[in-house]
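Chemist: Quick one, input-v6.cif (mmCIF, C-alpha atoms):
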data_work
loop_
_atom_site.group_PDB
_atom_site.id
_atom_site.type_symbol
_atom_site.label_atom_id
_atom_site.label_comp_id
_atom_site.auth_asym_id
_atom_site.auth_seq_id
_atom_site.Cartn_x
_atom_site.Cartn_y
_atom_site.Cartn_z
ATOM 1 C CA MET Q 292 -50.698 124.299 7.991
ATOM 2 C CA ALA Q 293 -52.582 122.337 5.349
ATOM 3 C CA SER Q 294 -51.156 122.189 1.859
ATOM 4 C CA SER Q 295 -53.299 122.983 -1.134
ATOM 5 C CA ASN Q 296 -53.276 121.753 -4.711
ATOM 6 C CA THR Q 297 -52.826 125.315 -5.968
ATOM 7 C CA GLY Q 298 -49.995 126.397 -3.695
ATOM 8 C CA GLY Q 299 -52.149 128.880 -1.804
ATOM 9 C CA VAL Q 300 -53.428 130.630 -4.932
ATOM 10 C CA THR Q 301 -57.183 130.726 -5.471
ATOM 11 C CA PRO Q 302 -57.981 128.400 -8.386
ATOM 12 C CA MET Q 303 -59.370 130.047 -11.497
ATOM 13 C CA THR Q 304 -62.078 128.329 -13.495
ATOM 14 C CA ILE Q 305 -61.594 128.122 -17.245
ATOM 15 C CA THR Q 306 -65.207 127.268 -17.940
ATOM 16 C CA GLY Q 307 -66.731 130.599 -16.990
ATOM 17 C CA ARG Q 308 -70.411 131.106 -16.336
ATOM 18 C CA MET Q 309 -71.390 129.270 -19.517
ATOM 19 C CA VAL Q 310 -70.654 125.885 -17.967
ATOM 20 C CA ARG Q 311 -74.248 125.862 -16.672
ATOM 21 C CA GLU Q 312 -76.887 125.135 -19.285
ATOM 22 C CA ARG Q 313 -79.342 127.585 -17.730
ATOM 23 C CA GLU Q 314 -76.862 130.442 -18.249
ATOM 24 C CA ARG Q 315 -76.463 129.511 -21.907
ATOM 25 C CA ILE Q 316 -80.246 129.361 -22.415
ATOM 26 C CA LEU Q 317 -80.714 132.841 -20.934
ATOM 27 C CA GLY Q 318 -78.663 134.253 -23.748
ATOM 28 C CA MET Q 319 -75.083 134.651 -24.833
ATOM 29 C CA THR Q 320 -73.342 137.609 -26.391
ATOM 30 C CA PRO Q 321 -71.462 137.022 -29.663
ATOM 31 C CA GLU Q 322 -68.165 137.222 -27.734
ATOM 32 C CA GLU Q 323 -69.377 134.595 -25.253
ATOM 33 C CA ARG Q 324 -70.613 132.412 -28.101
ATOM 34 C CA ALA Q 325 -67.207 132.604 -29.816
ATOM 35 C CA TRP Q 326 -65.441 131.926 -26.506
ATOM 36 C CA ARG Q 327 -67.687 128.910 -25.841
ATOM 37 C CA ALA Q 328 -67.074 127.513 -29.337
ATOM 38 C CA GLN Q 329 -63.320 127.893 -28.884
ATOM 39 C CA TRP Q 330 -63.494 126.303 -25.421
ATOM 40 C CA LEU Q 331 -65.395 123.286 -26.781
ATOM 41 C CA LYS Q 332 -62.866 122.965 -29.598
ATOM 42 C CA ASP Q 333 -60.015 123.051 -27.085
ATOM 43 C CA GLN Q 334 -61.521 120.122 -25.169
ATOM 44 C CA GLN Q 335 -60.989 117.764 -28.122
ATOM 45 C CA LEU Q 336 -57.771 115.779 -28.012
ATOM 46 C CA SER Q 337 -55.307 115.638 -30.841
ATOM 47 C CA PRO Q 338 -55.349 112.400 -32.886
ATOM 48 C CA ASN Q 339 -51.938 111.433 -31.465
ATOM 49 C CA GLU Q 340 -53.044 111.817 -27.834
ATOM 50 C CA PRO Q 341 -52.769 110.454 -25.217
ATOM 51 C CA ARG Q 342 -49.023 109.987 -25.626
ATOM 52 C CA HIS Q 343 -46.962 107.480 -23.699
ATOM 53 C CA VAL Q 344 -43.745 109.054 -22.465
ATOM 54 C CA PRO Q 345 -41.475 106.364 -20.951
ATOM 55 C CA GLU Q 346 -39.328 108.894 -19.085
ATOM 56 C CA TYR Q 347 -42.416 110.214 -17.312
ATOM 57 C CA TRP Q 348 -43.341 106.743 -16.031
ATOM 58 C CA LYS Q 349 -39.744 106.045 -15.032
ATOM 59 C CA GLU Q 350 -39.649 109.208 -12.951
ATOM 60 C CA ARG Q 351 -43.127 108.633 -11.538
ATOM 61 C CA LEU Q 352 -42.463 105.139 -10.175
ATOM 62 C CA ASN Q 353 -39.695 104.528 -7.654
ATOM 63 C CA PRO Q 354 -37.196 101.690 -8.297
ATOM 64 C CA ILE Q 355 -38.814 99.255 -5.848
ATOM 65 C CA ARG Q 356 -42.231 99.744 -7.407
ATOM 66 C CA ARG Q 357 -40.795 99.294 -10.911
ATOM 67 C CA VAL Q 358 -39.235 95.976 -9.814
ATOM 68 C CA TYR Q 359 -42.437 94.444 -8.438
ATOM 69 C CA ARG Q 360 -44.477 95.753 -11.376
ATOM 70 C CA ALA Q 361 -42.057 94.320 -13.974
ATOM 71 C CA PRO Q 362 -43.571 90.794 -14.383
ATOM 72 C CA LEU Q 363 -47.091 92.031 -15.119
ATOM 73 C CA ASP Q 364 -45.705 94.873 -17.238
ATOM 74 C CA LEU Q 365 -44.048 92.241 -19.442
ATOM 75 C CA VAL Q 366 -47.349 90.351 -19.695
ATOM 76 C CA GLN Q 367 -49.141 93.554 -20.664
ATOM 77 C CA LYS Q 368 -46.455 94.419 -23.227
ATOM 78 C CA ALA Q 369 -46.772 90.961 -24.817
ATOM 79 C CA LEU Q 370 -50.581 91.082 -24.899
ATOM 80 C CA THR Q 371 -50.950 94.630 -26.237
ATOM 81 C CA PRO Q 372 -50.368 93.764 -29.935
ATOM 82 C CA VAL Q 373 -52.666 90.737 -29.663
ATOM 83 C CA ILE Q 374 -55.732 92.078 -27.803
ATOM 84 C CA GLY Q 375 -55.147 95.841 -27.687
ATOM 85 C CA GLY Q 376 -53.954 98.232 -25.021
ATOM 86 C CA LYS Q 377 -57.256 98.563 -23.159
ATOM 87 C CA TRP Q 378 -57.796 94.811 -22.755
ATOM 88 C CA ALA Q 379 -54.122 94.157 -22.012
ATOM 89 C CA GLY Q 380 -54.335 96.723 -19.200
ATOM 90 C CA ALA Q 381 -57.483 95.040 -17.874
ATOM 91 C CA VAL Q 382 -55.808 91.609 -17.971
ATOM 92 C CA ARG Q 383 -52.790 93.044 -16.159
ATOM 93 C CA PHE Q 384 -54.975 94.671 -13.491
ATOM 94 C CA TRP Q 385 -57.179 91.642 -12.797
ATOM 95 C CA THR Q 386 -54.274 89.160 -12.915
ATOM 96 C CA GLY Q 387 -52.576 91.106 -10.147
ATOM 97 C CA LYS Q 388 -55.737 91.346 -8.044
ATOM 98 C CA VAL Q 389 -56.634 87.661 -8.416
ATOM 99 C CA GLY Q 390 -53.031 86.727 -7.598
ATOM 100 C CA LEU Q 391 -53.090 88.796 -4.407
ATOM 101 C CA ILE Q 392 -56.439 87.320 -3.341
ATOM 102 C CA ALA Q 393 -55.253 83.748 -4.015
ATOM 103 C CA PHE Q 394 -52.004 84.372 -2.122
ATOM 104 C CA SER Q 395 -53.948 85.797 0.826
ATOM 105 C CA ILE Q 396 -56.259 82.774 0.946
ATOM 106 C CA TYR Q 397 -53.358 80.294 0.761
ATOM 107 C CA ALA Q 398 -51.339 82.213 3.368
ATOM 108 C CA GLY Q 399 -54.334 82.315 5.711
ATOM 109 C CA ALA Q 400 -55.014 78.591 5.253
ATOM 110 C CA TYR Q 401 -51.352 77.764 5.885
ATOM 111 C CA TYR Q 402 -51.245 79.931 8.972
ATOM 112 C CA PHE Q 403 -54.375 78.426 10.511
ATOM 113 C CA LYS Q 404 -53.278 74.890 9.672
ATOM 114 C CA TYR Q 405 -49.702 75.012 10.958
ATOM 115 C CA ASN Q 406 -49.787 77.718 13.656
ATOM 116 C CA GLN Q 407 -52.621 76.674 15.886
ATOM 117 C CA ASN Q 408 -52.648 77.755 19.498
ATOM 118 C CA ASP Q 409 -52.282 74.639 21.608
ATOM 119 C CA TRP Q 410 -50.552 73.710 24.841
ATOM 120 C CA THR Q 411 -47.092 73.610 23.185
ATOM 121 C CA ARG Q 412 -46.930 77.313 22.253
ATOM 122 C CA LYS Q 413 -48.082 80.750 23.347
ATOM 123 C CA GLY Q 414 -48.676 82.285 19.925
ATOM 124 C CA GLY Q 415 -51.088 81.575 17.135
ATOM 125 C CA TRP Q 416 -54.795 82.033 16.729
ATOM 126 C CA ARG Q 417 -56.951 79.968 18.972
ATOM 127 C CA VAL Q 418 -59.511 78.228 16.809
ATOM 128 C CA ILE Q 419 -62.549 76.989 18.676
ATOM 129 C CA HIS Q 420 -64.920 74.589 16.970
ATOM 130 C CA SER Q 421 -68.579 74.535 17.916
ATOM 131 C CA ARG Q 422 -70.207 71.304 18.911
ATOM 132 C CA LYS Q 423 -72.503 69.628 16.440
ATOM 133 C CA ALA Q 424 -76.158 70.486 17.010
ATOM 134 C CA VAL Q 425 -77.991 67.416 18.351
ATOM 135 C CA PHE Q 426 -81.715 67.377 19.019
ATOM 136 C CA PRO Q 427 -83.807 65.041 21.180
ATOM 137 C CA GLY Q 428 -84.269 61.753 19.347
ATOM 138 C CA ASP Q 429 -80.960 62.060 17.440
ATOM 139 C CA GLU Q 430 -78.081 59.689 18.000
ATOM 140 C CA GLY Q 431 -75.658 61.064 20.590
ATOM 141 C CA TYR Q 432 -78.236 63.184 22.428
ATOM 142 C CA PRO Q 433 -77.391 64.973 24.726
ATOM 143 C CA ASN Q 434 -74.165 66.212 23.148
ATOM 144 C CA PHE Q 435 -72.006 67.670 25.896
ATOM 145 C CA PRO Q 436 -68.345 67.010 26.696
ATOM 146 C CA GLN Q 437 -67.486 64.471 29.355
ATOM 147 C CA ARG Q 438 -65.122 66.157 31.814
ATOM 148 C CA SER Q 439 -63.663 64.379 34.812
ATOM 149 C CA GLY Q 440 -62.578 67.468 36.706
ATOM 150 C CA PRO Q 441 -61.118 70.969 36.617
ATOM 151 C CA GLN Q 442 -58.008 69.707 34.816
ATOM 152 C CA ASP Q 443 -60.115 69.116 31.687
ATOM 153 C CA TYR Q 444 -61.050 72.759 31.261
ATOM 154 C CA ALA Q 445 -58.782 74.862 28.964
ATOM 155 C CA ALA Q 446 -56.547 71.842 28.292
ATOM 156 C CA ARG Q 447 -55.872 73.074 24.709
ATOM 157 C CA GLY Q 448 -55.230 69.551 23.436
ATOM 158 C CA PHE Q 449 -52.820 68.430 26.181
ATOM 159 C CA LYS Q 450 -54.545 65.109 26.859
ATOM 160 C CA GLN Q 451 -54.693 64.219 23.152
ATOM 161 C CA SER Q 452 -50.923 64.668 22.648
ATOM 162 C CA PRO Q 453 -48.904 61.517 21.920
ATOM 163 C CA ILE Q 454 -46.213 62.458 24.489
#
Would you put the structure from the file into structure tokens?
Modeler:
Amino acid sequence: MASSNTGGVTPMTITGRMVRERERILGMTPEERAWRAQWLKDQQLSPNEPRHVPEYWKERLNPIRRVYRAPLDLVQKALTPVIGGKWAGAVRFWTGKVGLIAFSIYAGAYYFKYNQNDWTRKGGWRVIHSRKAVFPGDEGYPNFPQRSGPQDYAARGFKQSPI
């Protein structure tokens, strides 16, 4: 059975029929006008909102997540008085994203450099390089590999090894 955001109870709208501009243009009773004015007033936040409640964030984030978020949280906390909360949050967000992208690029480069699939191992990605395009009249034309027999096919670097 699928769960619902309302616990199985049909959600009730607080906006009423006056949420649509066309309904308001058709005419409103004085009670509807007063209700609409009160509803608009209720949508305005208090001057001290939004509030940061540390206990809420502590309960919301599990201990492992709090540990890996701690370094950038410290950076954000240090930057907040200098550049403001909005920009400190943006710096925190983009620093994390750029760090993850850089780590992924370096990890991929390391993996492809040191874990190539050759004759000495089963695992690793097999990287195949295309031959250089050579046209008639260019030096080295025709560019095709010189193979002496069936043993040269799928050698995976065996003949180039220093052993």
Chemist: Separation of CA of Gln334 in chain Q and CA of Arg383 in chain Q, in Å?
Modeler: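 The value is 29.8 Å.
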Chemist: To one decimal place in Å, what is the distance between CA of Arg324 in chain Q and CA of Glu340 in chain Q?
Modeler: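 So the two atoms, CA of Arg324 in chain Q and CA of Glu340 in chain Q, lie 27.1 Å apart.
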Chemist: Do a neighbour search on Lys450 in chain Q at 10 Å with all atoms listed in the file, toss out local chain neighbours closer than 5 positions, and write the hits as an mmCIF file with C-alpha atoms, keeping the file's coordinate frame.
Modeler:
data_model
loop_
_atom_site.group_PDB
_atom_site.id
_atom_site.type_symbol
_atom_site.label_atom_id
_atom_site.label_comp_id
_atom_site.auth_asym_id
_atom_site.auth_seq_id
_atom_site.Cartn_x
_atom_site.Cartn_y
_atom_site.Cartn_z
ATOM 1 C CA TRP Q 410 -50.552 73.710 24.841
ATOM 2 C CA GLN Q 442 -58.008 69.707 34.816
ATOM 3 C CA ASP Q 443 -60.115 69.116 31.687
#
Chemist: Would you mind telling me which residue in Q:Gly431, Q:Gln437, Q:Asp409, Q:Thr304 lies nearest to Gln451 in chain Q when using all atoms listed in the file?
Modeler: Q:Asp409
Chemist: Between CA of Leu336 in chain Q and CA of Met319 in chain Q, what is the spacing in Å?
Modeler: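 Result for CA of Met319 in chain Q versus CA of Leu336 in chain Q: 25.8 Å, one decimal.
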Chemist: For a quick check of your reading of the model, name the residues lying within 12 Å of the coordinate (-69.3, 68.8, 25.5), counting only C-alpha atoms, and write them as a ChimeraX atom specification.
Modeler: /Q:420-425,431-439,443-444
Chemist: Tell me which of Q:Ser395, Q:Val418, Q:Pro372, Q:Glu430 sits closest to Gly448 in chain Q, counting only C-alpha atoms.
Modeler: Q:Val418
Chemist: Missing atoms in range 407-418 of chain Q: fill them in up to all heavy atoms and send the result as a PDB file, in the coordinates of the input.
Modeler:
ATOM      1  N   GLN Q 407     -51.503  76.671  14.964  1.00  0.00           N
ATOM      2  CA  GLN Q 407     -52.621  76.674  15.886  1.00  0.00           C
ATOM      3  C   GLN Q 407     -52.127  76.901  17.308  1.00  0.00           C
ATOM      4  O   GLN Q 407     -51.011  76.515  17.664  1.00  0.00           O
ATOM      5  CB  GLN Q 407     -53.364  75.345  15.809  1.00  0.00           C
ATOM      6  CG  GLN Q 407     -54.070  75.140  14.494  1.00  0.00           C
ATOM      7  CD  GLN Q 407     -54.745  73.794  14.446  1.00  0.00           C
ATOM      8  OE1 GLN Q 407     -54.737  73.036  15.396  1.00  0.00           O
ATOM      9  NE2 GLN Q 407     -55.339  73.499  13.303  1.00  0.00           N
ATOM     10  N   ASN Q 408     -52.973  77.507  18.101  1.00  0.00           N
ATOM     11  CA  ASN Q 408     -52.648  77.755  19.498  1.00  0.00           C
ATOM     12  C   ASN Q 408     -53.032  76.506  20.283  1.00  0.00           C
ATOM     13  O   ASN Q 408     -54.195  76.182  20.430  1.00  0.00           O
ATOM     14  CB  ASN Q 408     -53.439  78.960  19.996  1.00  0.00           C
ATOM     15  CG  ASN Q 408     -53.147  79.294  21.425  1.00  0.00           C
ATOM     16  OD1 ASN Q 408     -52.980  78.411  22.247  1.00  0.00           O
ATOM     17  ND2 ASN Q 408     -53.090  80.565  21.726  1.00  0.00           N
ATOM     18  N   ASP Q 409     -52.020  75.794  20.758  1.00  0.00           N
ATOM     19  CA  ASP Q 409     -52.282  74.639  21.608  1.00  0.00           C
ATOM     20  C   ASP Q 409     -51.368  74.730  22.827  1.00  0.00           C
ATOM     21  O   ASP Q 409     -50.723  75.740  23.062  1.00  0.00           O
ATOM     22  CB  ASP Q 409     -52.116  73.321  20.848  1.00  0.00           C
ATOM     23  CG  ASP Q 409     -50.720  73.159  20.276  1.00  0.00           C
ATOM     24  OD1 ASP Q 409     -49.854  74.000  20.558  1.00  0.00           O
ATOM     25  OD2 ASP Q 409     -50.494  72.181  19.545  1.00  0.00           O
ATOM     26  N   TRP Q 410     -51.291  73.678  23.580  1.00  0.00           N
ATOM     27  CA  TRP Q 410     -50.552  73.710  24.841  1.00  0.00           C
ATOM     28  C   TRP Q 410     -49.049  73.826  24.632  1.00  0.00           C
ATOM     29  O   TRP Q 410     -48.309  74.150  25.562  1.00  0.00           O
ATOM     30  CB  TRP Q 410     -50.885  72.489  25.679  1.00  0.00           C
ATOM     31  CG  TRP Q 410     -50.342  71.203  25.124  1.00  0.00           C
ATOM     32  CD1 TRP Q 410     -50.917  70.422  24.193  1.00  0.00           C
ATOM     33  CD2 TRP Q 410     -49.110  70.575  25.475  1.00  0.00           C
ATOM     34  NE1 TRP Q 410     -50.132  69.346  23.916  1.00  0.00           N
ATOM     35  CE2 TRP Q 410     -49.007  69.419  24.701  1.00  0.00           C
ATOM     36  CE3 TRP Q 410     -48.089  70.874  26.366  1.00  0.00           C
ATOM     37  CZ2 TRP Q 410     -47.920  68.559  24.777  1.00  0.00           C
ATOM     38  CZ3 TRP Q 410     -47.009  70.016  26.446  1.00  0.00           C
ATOM     39  CH2 TRP Q 410     -46.931  68.879  25.666  1.00  0.00           C
ATOM     40  N   THR Q 411     -48.533  73.586  23.423  1.00  0.00           N
ATOM     41  CA  THR Q 411     -47.092  73.610  23.185  1.00  0.00           C
ATOM     42  C   THR Q 411     -46.563  75.009  22.877  1.00  0.00           C
ATOM     43  O   THR Q 411     -45.357  75.206  22.841  1.00  0.00           O
ATOM     44  CB  THR Q 411     -46.723  72.693  22.007  1.00  0.00           C
ATOM     45  OG1 THR Q 411     -47.382  73.163  20.825  1.00  0.00           O
ATOM     46  CG2 THR Q 411     -47.113  71.264  22.289  1.00  0.00           C
ATOM     47  N   ARG Q 412     -47.407  75.970  22.614  1.00  0.00           N
ATOM     48  CA  ARG Q 412     -46.930  77.313  22.253  1.00  0.00           C
ATOM     49  C   ARG Q 412     -47.849  78.396  22.798  1.00  0.00           C
ATOM     50  O   ARG Q 412     -49.018  78.150  23.068  1.00  0.00           O
ATOM     51  CB  ARG Q 412     -46.808  77.444  20.738  1.00  0.00           C
ATOM     52  CG  ARG Q 412     -48.152  77.456  20.037  1.00  0.00           C
ATOM     53  CD  ARG Q 412     -48.028  77.658  18.569  1.00  0.00           C
ATOM     54  NE  ARG Q 412     -47.492  76.446  17.999  1.00  0.00           N
ATOM     55  CZ  ARG Q 412     -46.955  76.376  16.814  1.00  0.00           C
ATOM     56  NH1 ARG Q 412     -46.881  77.430  16.079  1.00  0.00           N
ATOM     57  NH2 ARG Q 412     -46.501  75.250  16.352  1.00  0.00           N
ATOM     58  N   LYS Q 413     -47.295  79.609  22.886  1.00  0.00           N
ATOM     59  CA  LYS Q 413     -48.082  80.750  23.347  1.00  0.00           C
ATOM     60  C   LYS Q 413     -48.803  81.424  22.194  1.00  0.00           C
ATOM     61  O   LYS Q 413     -49.901  81.916  22.338  1.00  0.00           O
ATOM     62  CB  LYS Q 413     -47.175  81.788  24.008  1.00  0.00           C
ATOM     63  CG  LYS Q 413     -46.760  81.472  25.391  1.00  0.00           C
ATOM     64  CD  LYS Q 413     -45.946  82.621  25.930  1.00  0.00           C
ATOM     65  CE  LYS Q 413     -45.770  82.542  27.408  1.00  0.00           C
ATOM     66  NZ  LYS Q 413     -45.057  83.690  27.938  1.00  0.00           N
ATOM     67  N   GLY Q 414     -48.144  81.508  21.049  1.00  0.00           N
ATOM     68  CA  GLY Q 414     -48.676  82.285  19.925  1.00  0.00           C
ATOM     69  C   GLY Q 414     -49.671  81.521  19.085  1.00  0.00           C
ATOM     70  O   GLY Q 414     -49.994  80.361  19.321  1.00  0.00           O
ATOM     71  N   GLY Q 415     -50.142  82.182  18.063  1.00  0.00           N
ATOM     72  CA  GLY Q 415     -51.088  81.575  17.135  1.00  0.00           C
ATOM     73  C   GLY Q 415     -52.523  81.893  17.498  1.00  0.00           C
ATOM     74  O   GLY Q 415     -52.845  82.211  18.636  1.00  0.00           O
ATOM     75  N   TRP Q 416     -53.370  81.791  16.510  1.00  0.00           N
ATOM     76  CA  TRP Q 416     -54.795  82.033  16.729  1.00  0.00           C
ATOM     77  C   TRP Q 416     -55.407  80.812  17.380  1.00  0.00           C
ATOM     78  O   TRP Q 416     -55.133  79.689  17.014  1.00  0.00           O
ATOM     79  CB  TRP Q 416     -55.502  82.294  15.404  1.00  0.00           C
ATOM     80  CG  TRP Q 416     -55.178  83.626  14.830  1.00  0.00           C
ATOM     81  CD1 TRP Q 416     -54.047  83.978  14.182  1.00  0.00           C
ATOM     82  CD2 TRP Q 416     -56.003  84.778  14.841  1.00  0.00           C
ATOM     83  NE1 TRP Q 416     -54.106  85.276  13.788  1.00  0.00           N
ATOM     84  CE2 TRP Q 416     -55.305  85.798  14.184  1.00  0.00           C
ATOM     85  CE3 TRP Q 416     -57.256  85.061  15.358  1.00  0.00           C
ATOM     86  CZ2 TRP Q 416     -55.819  87.059  14.021  1.00  0.00           C
ATOM     87  CZ3 TRP Q 416     -57.774  86.316  15.191  1.00  0.00           C
ATOM     88  CH2 TRP Q 416     -57.055  87.302  14.534  1.00  0.00           C
ATOM     89  N   ARG Q 417     -56.249  81.063  18.322  1.00  0.00           N
ATOM     90  CA  ARG Q 417     -56.951  79.968  18.972  1.00  0.00           C
ATOM     91  C   ARG Q 417     -58.238  79.723  18.210  1.00  0.00           C
ATOM     92  O   ARG Q 417     -59.128  80.575  18.170  1.00  0.00           O
ATOM     93  CB  ARG Q 417     -57.250  80.309  20.420  1.00  0.00           C
ATOM     94  CG  ARG Q 417     -57.853  79.166  21.154  1.00  0.00           C
ATOM     95  CD  ARG Q 417     -57.839  79.386  22.633  1.00  0.00           C
ATOM     96  NE  ARG Q 417     -58.469  78.230  23.261  1.00  0.00           N
ATOM     97  CZ  ARG Q 417     -59.091  78.297  24.397  1.00  0.00           C
ATOM     98  NH1 ARG Q 417     -59.165  79.433  25.049  1.00  0.00           N
ATOM     99  NH2 ARG Q 417     -59.649  77.218  24.896  1.00  0.00           N
ATOM    100  N   VAL Q 418     -58.337  78.585  17.595  1.00  0.00           N
ATOM    101  CA  VAL Q 418     -59.511  78.228  16.809  1.00  0.00           C
ATOM    102  C   VAL Q 418     -60.389  77.323  17.651  1.00  0.00           C
ATOM    103  O   VAL Q 418     -59.950  76.268  18.115  1.00  0.00           O
ATOM    104  CB  VAL Q 418     -59.107  77.513  15.497  1.00  0.00           C
ATOM    105  CG1 VAL Q 418     -60.332  77.146  14.691  1.00  0.00           C
ATOM    106  CG2 VAL Q 418     -58.170  78.395  14.690  1.00  0.00           C
TER     107      VAL Q 418
END
